[in-house]
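Reviewing the structure listed below.
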Amino acid sequence: MSAIAGIVHTDGQEAFWEDSWRLYASLGHIPADTTGVWKGNQAFLSCHAQWITPESVHEKLPLVDEVSGLTITADAILDNREQLADQLFISRSQLSVLSDSELILRAYQQWGEQAASKLIGDFAFAIWDDRKRTLFAARDITGMRTLYYRHDGKRFSFCTLIGPLLELEGVTKDLNETWLSEFLAIPEMHGSADIHMTAYCGVNQLPPAHTLVFRAATLQVELKQYHRWDEVEPLLLKSDGEYVEAFRDVFTQAVSARLRTHRQVAAALSGGLDSGAVVGFASGSLRSQGKRLNAYSYVPVSDFTDYTSKTLLADERPFIRSTVDHIGNISENYLDFEGRSPFSEIDTWLDMMEMPYKYFENSFWIRGFYEKASQQDAGVLLTGARGNFTISWGPALDYYASLMKRGRWIRLLQEMRQYSQRTGMKFSRIARITAQKAYPERFHTASKGAANVATNQLIHPEFASRTGVLERLGSLVMLQGGARADALKVRAEKFNNLAIANKNGAVATKCSLRYRAWERDPTSDARVIQFCLSVPIEQYVSKGTDRSLIRRATSPELPDKVRLNQRVRGIQPADWLHRMIPDWGAFTSEVQTLCSDSRVAGILNTDRIQLALKNIPQPRPELASHPDMRLMMHSLIVYRFIRKF
């Protein structure tokens with residue numbers, strides 16, 4: 001919705017003015033419906049606004065309240081406006097013309113630094129108190145909007161993007177080797193375990209679910225975490241039907257809140273449960289508004305031959321069409337993005353993200369969806385990206401492992417037999433996998449996983465030793481359980497892992513700013529997360545059915561072909577390596593070049609990269625999931641980033 005920036009400067013007016021102008025001008029590439037600035041004696045705030053919600057049209061930001069001496073700049077869409085209005089004694093007629101930034105300002109006037117914990121939605125904002133000479137900033141619980149900052153002695157600056165903070169007077173752009181070492185060492189998709197760091201020395205990020213206070217009088221920065229998912233009170237209802245009804249209530253609320261735009265609405269749609277549920281609930285609401293939902297579905301290029309197993313689907317069109325026909329009020333867009341590949345996307349993504357990334361397989365279609373949304377004037381792009389751990393959670397085999405460890409043999413045998421019937425998986429295989437999950441130490445699975453991590457390490461041993469990254473991260477580097485990981489424990493850790501939230505928020509924010517379409521994910525709504533964490537696991541796995549709650553709760557919205565499917569699942573994008581065949585010579589040539597480039601010598605494990613190149617002399621599409629291919633792609637992305645320095 002906005003790119004915001006600001007600075008608090010206590011080192012002379014001339015320097016203050018120069019830095020303020022630099023900060024504002026460096027956001028000039030952001031497409032904006034309007035821009036605004038405010039400058040006081042020591043503080044400067046700006047906003048490059050994109051109008052997404054009806055209330056944001058012609059909204060004045062930064063917003064000044066002369067009575068209180070407060071000024072706010074905000075990048076925010078609130079989803080609990082009515083609840084806030086009731087708590088702040090604001091009438092519905094007043095609320096209809098009140099912007100989200102005005103609501104945030106009133107919340108701050110009422111609750112002070114506790115205001116962030118009262119807000120539900122996607123937001124990053126900053127409030128300058130001219131009387132107290134303090135700057136207060138906050139970021140939403142799930143980190144869907146970014147906020148970066150620098151503290152250079154008497155100067156404190158912040159921005160939605162990193163680049164403007166590197167343009168300030170006296171700032172040099174230096175690579176943060178501590179961040180880079182973690183990026184290279186961690187096998188997971190996120191960049192760094194340190195939730196405050198960025199790839200640049202001197203530039204930090206405000207983590208999700210955190211507030212920040214900068215006091216000009218003392219030049220001190222204080223950070224506080226205002227929310228965690230540690231203890232969620234269990235929800236105990238009387239019947240399965242009551243859980244379904246409660247789910248539908250909270251999910252309807254989350255989806256409806258994310259349809260608030262005066263522009264068009266788009267959605268990512270696969271053949272699965274998460275995006276199908278989002279689209280199903282959204283379509284009905286939009287129909288009542290006289291709007292049609294634009295659905296974007298990724299499909300492989302026409303000359304791709306599916307090599308995946310019979311339980312995987314590279315082309316989900318049969319299931320997608322079933323969903324579209326069942327729901328109605330949907331304009332289908334099947335997009336193959338012919339001519340694009342992860343290799344062709346690297347420079348664009350590095351420029352957009354301002355740092356290296358690991359999710360290269362999906363890069364071309366993610367950006368393609370945003371491009372399509374922009375072309376169709378969609379202000380909102382709905383996704384179900386976090387649904388695997390909220391609305392469609394339900395890991396049957398992990399639940400069965402817990403039954404085995406607790407000695408619940410009768411229940412276990414009943415469940416496994418029913419699961420075998422529903423999925424077509426042999427009972428003996430279900431029993432074997434369940435036992436391996438229940439007693440991994442007896443099957444020697446941990447040491448095998450650790451060996452794989454060591455073998456596929458991208459970081460150079462000398463760089464790892466010099467930065468102490470392996471000792472610093474410890475077991476996190478070995479956290480590569482894959483299919484054998486305990487999904488029950490993984491889920492509990494997922495929501496408090498703010499490094500993952502940082503990665504997700506960076507993608508959502510920077511893509512939305514570039515294409516004027518705001519990613520909105522109902523499966524990541526704080527109320528939905530709260531509800532899903534409170535529901536007993538028996539509602540998620542029951543009678544041989546995994547993801548049981550959403551399968552029961554979406555019977556009006558989804559066709560049985562999709563809703564009850566436990567035999568096949570979509571895989572995106574299976575054709576990413578196939579797409580790179582025309583560029584294979586350029587790709588391998590650049591990988592060979594990086595192995596002899598002094599700029600990455602001692603940083604990237606070039607011996608391991610050369611071995612990977614030798615192991616894959618030709619790009620066979622079925623090697624898309626091969627560790628050596630991933631290693632080479634990650635190394636090339638990092639190489640291009642380092643070259644920019």
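Here, A, B, ... name the chains of the structure tokens in the order displayed, residue numbers run from 1 inside each chain, and ligands are numbered from 1 in the same displayed order.
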Ala185 of chain A surroundings by only C-alpha atoms, 6 Å radius, close-in-sequence under 2 positions cut, as a list in words: Glu182, Phe183 and Ile459 of chain A
If you count only C-alpha atoms, which residues fall within 10 Å of segment 92-95 of chain A, apart from same-chain ones fewer than 6 positions away, as an MDAnalysis selection string? chainID A and resid 55 81:82 84:86 102:103
Generate the output file for the selected residues, N, CA, C and O atoms, as a PDB file, in the first residue's frame.
ATOM      1  N   GLU A  55     -10.824   3.368   1.654  1.00  0.00           N
ATOM      2  CA  GLU A  55     -10.503   4.433   2.607  1.00  0.00           C
ATOM      3  C   GLU A  55      -9.152   5.081   2.334  1.00  0.00           C
ATOM      4  O   GLU A  55      -8.866   6.171   2.837  1.00  0.00           O
ATOM      5  N   ARG A  81     -11.100  -3.550  11.788  1.00  0.00           N
ATOM      6  CA  ARG A  81     -11.546  -2.164  11.909  1.00  0.00           C
ATOM      7  C   ARG A  81     -12.762  -2.022  12.825  1.00  0.00           C
ATOM      8  O   ARG A  81     -12.813  -1.124  13.669  1.00  0.00           O
ATOM      9  N   GLU A  82     -13.742  -2.891  12.665  1.00  0.00           N
ATOM     10  CA  GLU A  82     -14.955  -2.780  13.485  1.00  0.00           C
ATOM     11  C   GLU A  82     -14.655  -3.007  14.961  1.00  0.00           C
ATOM     12  O   GLU A  82     -15.178  -2.302  15.831  1.00  0.00           O
ATOM     13  N   LEU A  84     -11.805  -2.490  16.509  1.00  0.00           N
ATOM     14  CA  LEU A  84     -11.092  -1.303  16.995  1.00  0.00           C
ATOM     15  C   LEU A  84     -12.044  -0.136  17.210  1.00  0.00           C
ATOM     16  O   LEU A  84     -11.930   0.607  18.198  1.00  0.00           O
ATOM     17  N   ALA A  85     -12.975   0.024  16.275  1.00  0.00           N
ATOM     18  CA  ALA A  85     -13.932   1.126  16.397  1.00  0.00           C
ATOM     19  C   ALA A  85     -14.740   1.005  17.684  1.00  0.00           C
ATOM     20  O   ALA A  85     -14.970   2.008  18.386  1.00  0.00           O
ATOM     21  N   ASP A  86     -15.168  -0.209  18.004  1.00  0.00           N
ATOM     22  CA  ASP A  86     -15.921  -0.413  19.243  1.00  0.00           C
ATOM     23  C   ASP A  86     -15.067  -0.095  20.462  1.00  0.00           C
ATOM     24  O   ASP A  86     -15.541   0.543  21.420  1.00  0.00           O
ATOM     25  N   GLU A 102      -5.415   6.608  10.349  1.00  0.00           N
ATOM     26  CA  GLU A 102      -6.087   7.362  11.411  1.00  0.00           C
ATOM     27  C   GLU A 102      -6.481   6.445  12.559  1.00  0.00           C
ATOM     28  O   GLU A 102      -6.378   6.822  13.740  1.00  0.00           O
ATOM     29  N   LEU A 103      -6.926   5.230  12.231  1.00  0.00           N
ATOM     30  CA  LEU A 103      -7.265   4.266  13.279  1.00  0.00           C
ATOM     31  C   LEU A 103      -6.035   3.898  14.101  1.00  0.00           C
ATOM     32  O   LEU A 103      -6.099   3.788  15.332  1.00  0.00           O
TER      33      LEU A 103
END
Show me, as a ChimeraX atom specification, the residues that have an atom within 7 Å of segment 262-266 of chain A when counting only C-alpha atoms, minus same-chain residues fewer than 4 positions from it. /A:52-54,293-295,373,377-382
Tell me which protein, DNA and RNA residues are within 8 Å of segment 634-645 of chain A, counting only C-alpha atoms, leaving out same-chain ones fewer than 5 positions away, and put them as a ChimeraX atom specification. /A:173-175,346-347,350,355-358,458,590-591,594,599-600,604,609
Please report, as number ranges by chain, each residue of segment 255-423 of chain A to which DSSP assigns helix (DSSP H, G or I) when run on this structure's backbone. A: 255-257, 273-289, 317-327, 342-353, 360-375, 387-389, 396-405, 409-423
In terms of the shortest atom-to-atom distance over only C-alpha atoms, which of A:Gly290, A:Ile186, A:Tyr307, A:Ile391 is closest to Gly474 of chain A? A:Ile186
Closest-contact table, segment 517-601 of chain A side, partner segment 493-502 of chain A, 12 Å, counting only C-alpha atoms, as JSON lines:
{"residue": "A:Ser524", "atom": "CA", "partner": "A:Phe495", "partner_atom": "CA", "distance": 9.8}
{"residue": "A:Asp525", "atom": "CA", "partner": "A:Phe495", "partner_atom": "CA", "distance": 11.8}
{"residue": "A:Ala526", "atom": "CA", "partner": "A:Phe495", "partner_atom": "CA", "distance": 10.4}
{"residue": "A:Ile529", "atom": "CA", "partner": "A:Phe495", "partner_atom": "CA", "distance": 8.6}
{"residue": "A:Gln530", "atom": "CA", "partner": "A:Phe495", "partner_atom": "CA", "distance": 10.4}
{"residue": "A:Cys532", "atom": "CA", "partner": "A:Phe495", "partner_atom": "CA", "distance": 11.6}
{"residue": "A:Leu533", "atom": "CA", "partner": "A:Phe495", "partner_atom": "CA", "distance": 9.8}
For the selection just defined, write its residues with N, CA, C and O atoms to a file, as an mmCIF file, in the first residue's frame.
data_model
loop_
_atom_site.group_PDB
_atom_site.id
_atom_site.type_symbol
_atom_site.label_atom_id
_atom_site.label_comp_id
_atom_site.auth_asym_id
_atom_site.auth_seq_id
_atom_site.Cartn_x
_atom_site.Cartn_y
_atom_site.Cartn_z
ATOM 1 N N SER A 524 -3.001 -16.845 6.919
ATOM 2 C CA SER A 524 -2.013 -16.295 7.840
ATOM 3 C C SER A 524 -2.623 -15.246 8.770
ATOM 4 O O SER A 524 -1.907 -14.573 9.510
ATOM 5 N N ASP A 525 -3.927 -15.104 8.741
ATOM 6 C CA ASP A 525 -4.630 -14.187 9.636
ATOM 7 C C ASP A 525 -4.391 -14.611 11.083
ATOM 8 O O ASP A 525 -4.452 -15.797 11.410
ATOM 9 N N ALA A 526 -4.109 -13.651 11.949
ATOM 10 C CA ALA A 526 -3.804 -13.979 13.345
ATOM 11 C C ALA A 526 -4.954 -14.716 14.020
ATOM 12 O O ALA A 526 -4.740 -15.597 14.860
ATOM 13 N N ILE A 529 -4.795 -18.326 12.750
ATOM 14 C CA ILE A 529 -3.695 -19.045 13.414
ATOM 15 C C ILE A 529 -4.087 -19.417 14.835
ATOM 16 O O ILE A 529 -3.898 -20.557 15.277
ATOM 17 N N GLN A 530 -4.655 -18.452 15.566
ATOM 18 C CA GLN A 530 -5.079 -18.681 16.947
ATOM 19 C C GLN A 530 -6.079 -19.837 17.007
ATOM 20 O O GLN A 530 -5.952 -20.749 17.835
ATOM 21 N N CYS A 532 -6.647 -22.265 14.731
ATOM 22 C CA CYS A 532 -6.091 -23.546 14.286
ATOM 23 C C CYS A 532 -5.157 -24.165 15.321
ATOM 24 O O CYS A 532 -5.106 -25.388 15.467
ATOM 25 N N LEU A 533 -4.416 -23.334 16.036
ATOM 26 C CA LEU A 533 -3.547 -23.854 17.092
ATOM 27 C C LEU A 533 -4.346 -24.365 18.286
ATOM 28 O O LEU A 533 -3.844 -25.187 19.056
#
Which of these, A:Thr554, A:Thr467, A:Gln539, A:Thr423, has the shortest distance to Val278 of chain A once you count only C-alpha atoms? A:Thr554
Find the residues around segment 13-18 of chain A up to 10 Å (only C-alpha atoms counted), leave out those fewer than 3 positions away in its own chain, and share them as a VMD selection string. chain A and resid 7 to 10 21 to 23 39 41 to 44 155 168 to 169
If we count only C-alpha atoms, what is near Phe587 of chain A at a cut-off of 12 Å, once residues fewer than 4 positions away on the same chain are taken out, given as a list in words?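 What passes the distance filter is Ser341, Pro342, Phe343, Ser344, Ile346, Leu577, Met580, Ile581, Pro582, Asp583, Val591, Gln592, Thr593, Leu594, Leu613, Pro617, Gln618, Pro619, Met629, Met632, Met633, Ser635, Leu636 and Ile637 of chain A.
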Would you export the selected residues with N, CA and C atoms as a compact mmCIF listing (two decimals), in the first residue's frame, please?
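Saved the output as selection27.txt:
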# COMPACT_ATOMS: atom_id res chain seq x y z
N SER A 341 12.43 -18.66 -16.97
CA SER A 341 12.98 -19.74 -16.14
C SER A 341 13.61 -19.12 -14.91
N PRO A 342 13.95 -19.92 -13.92
CA PRO A 342 14.66 -19.38 -12.76
C PRO A 342 15.96 -18.67 -13.14
N PHE A 343 16.62 -19.13 -14.19
CA PHE A 343 17.87 -18.51 -14.64
C PHE A 343 17.63 -17.11 -15.21
N SER A 344 16.57 -16.96 -15.98
CA SER A 344 16.29 -15.66 -16.59
C SER A 344 15.78 -14.64 -15.58
N ILE A 346 16.97 -14.15 -12.38
CA ILE A 346 17.88 -13.86 -11.26
C ILE A 346 18.10 -12.37 -11.04
N LEU A 577 13.58 -26.94 -14.47
CA LEU A 577 14.84 -27.28 -15.12
C LEU A 577 14.65 -27.46 -16.62
N MET A 580 15.15 -24.34 -18.48
CA MET A 580 16.51 -23.82 -18.57
C MET A 580 17.33 -24.47 -19.68
N ILE A 581 16.79 -25.48 -20.36
CA ILE A 581 17.55 -26.19 -21.40
C ILE A 581 18.10 -25.25 -22.47
N PRO A 582 17.32 -24.27 -22.99
CA PRO A 582 17.88 -23.37 -24.00
C PRO A 582 19.05 -22.53 -23.48
N ASP A 583 19.11 -22.30 -22.17
CA ASP A 583 20.16 -21.47 -21.58
C ASP A 583 21.22 -22.29 -20.86
N VAL A 591 28.60 -20.68 -14.12
CA VAL A 591 28.99 -21.44 -12.92
C VAL A 591 30.50 -21.72 -12.94
N GLN A 592 31.02 -22.06 -14.10
CA GLN A 592 32.47 -22.27 -14.22
C GLN A 592 33.24 -20.98 -13.94
N THR A 593 32.71 -19.86 -14.41
CA THR A 593 33.36 -18.57 -14.17
C THR A 593 33.42 -18.23 -12.69
N LEU A 594 32.31 -18.46 -11.99
CA LEU A 594 32.29 -18.12 -10.56
C LEU A 594 33.31 -18.95 -9.78
N LEU A 613 28.73 -29.57 -10.93
CA LEU A 613 28.71 -29.32 -12.38
C LEU A 613 29.13 -30.57 -13.15
N PRO A 617 26.14 -33.06 -16.26
CA PRO A 617 26.64 -32.47 -17.50
C PRO A 617 25.52 -32.02 -18.44
N GLN A 618 24.33 -32.65 -18.31
CA GLN A 618 23.20 -32.32 -19.16
C GLN A 618 21.95 -32.09 -18.30
N PRO A 619 21.08 -31.15 -18.71
CA PRO A 619 19.91 -30.79 -17.89
C PRO A 619 18.71 -31.70 -18.13
N MET A 629 21.75 -29.65 -8.44
CA MET A 629 21.14 -28.57 -9.21
C MET A 629 20.80 -27.40 -8.30
N MET A 632 24.01 -25.49 -7.40
CA MET A 632 24.52 -24.61 -8.46
C MET A 632 23.65 -23.37 -8.62
N MET A 633 22.34 -23.51 -8.54
CA MET A 633 21.46 -22.35 -8.67
C MET A 633 21.66 -21.38 -7.52
N SER A 635 24.35 -21.04 -5.71
CA SER A 635 25.68 -20.44 -5.83
C SER A 635 25.67 -19.32 -6.87
N LEU A 636 24.94 -19.50 -7.95
CA LEU A 636 24.90 -18.48 -9.00
C LEU A 636 24.16 -17.23 -8.52
N ILE A 637 23.09 -17.41 -7.77
CA ILE A 637 22.36 -16.26 -7.22
C ILE A 637 23.25 -15.46 -6.27
As a PyMOL selection string, please: all residues of segment 63-311 of chain A that backbone DSSP puts in strand (DSSP E or B). chain A and resi 63-65+70-78+121-129+134-139+148-152+155-159+175+200+204-205+210-215+220-225+264-268+293-298
Could you name the residues that touch Leu397 of chain A at 8 Å or less, counting only C-alpha atoms, but leaving out those on the same chain fewer than 2 positions away, as a short mmCIF file (atom, residue, chain, number, x, y, z; two decimals) with C-alpha atoms, in the first residue's frame?
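Full text of result.cif as output:
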data_model
loop_
_atom_site.label_atom_id
_atom_site.label_comp_id
_atom_site.auth_asym_id
_atom_site.auth_seq_id
_atom_site.Cartn_x
_atom_site.Cartn_y
_atom_site.Cartn_z
CA PRO A 395 -0.18 -34.91 9.21
CA TYR A 399 -0.24 -38.47 14.39
CA TYR A 400 -0.05 -42.23 14.03
CA ALA A 401 3.52 -42.12 15.35
CA ILE A 430 2.30 -47.02 6.44
CA ILE A 433 7.02 -45.10 8.05
CA THR A 434 5.04 -44.67 11.26
CA LYS A 437 8.80 -41.49 12.81
#
Ranking A:Gln610, A:Ser548, A:Ser534, A:Ser363 by minimum distance to Glu233 of chain A and counting only C-alpha atoms, which one comes first?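 Of all the options, A:Ser534 lies closest to Glu233 of chain A.
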What does the distance between atom CA of Gly12 of chain A and atom CA of Arg150 of chain A come to in Å, to one decimal place? 18.0 Å
Mind pulling up the distance from atom CA of Gly36 of chain A to atom CA of Thr146 of chain A?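 Pair atom CA of Thr146 of chain A / atom CA of Gly36 of chain A returns 19.5 Å.
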With distances taken over only C-alpha atoms, which of A:Ala74, A:Ile4, A:Leu413, A:Val568 is nearest to Thr308 of chain A?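 Closest to Thr308 of chain A of all the choices is A:Val568.
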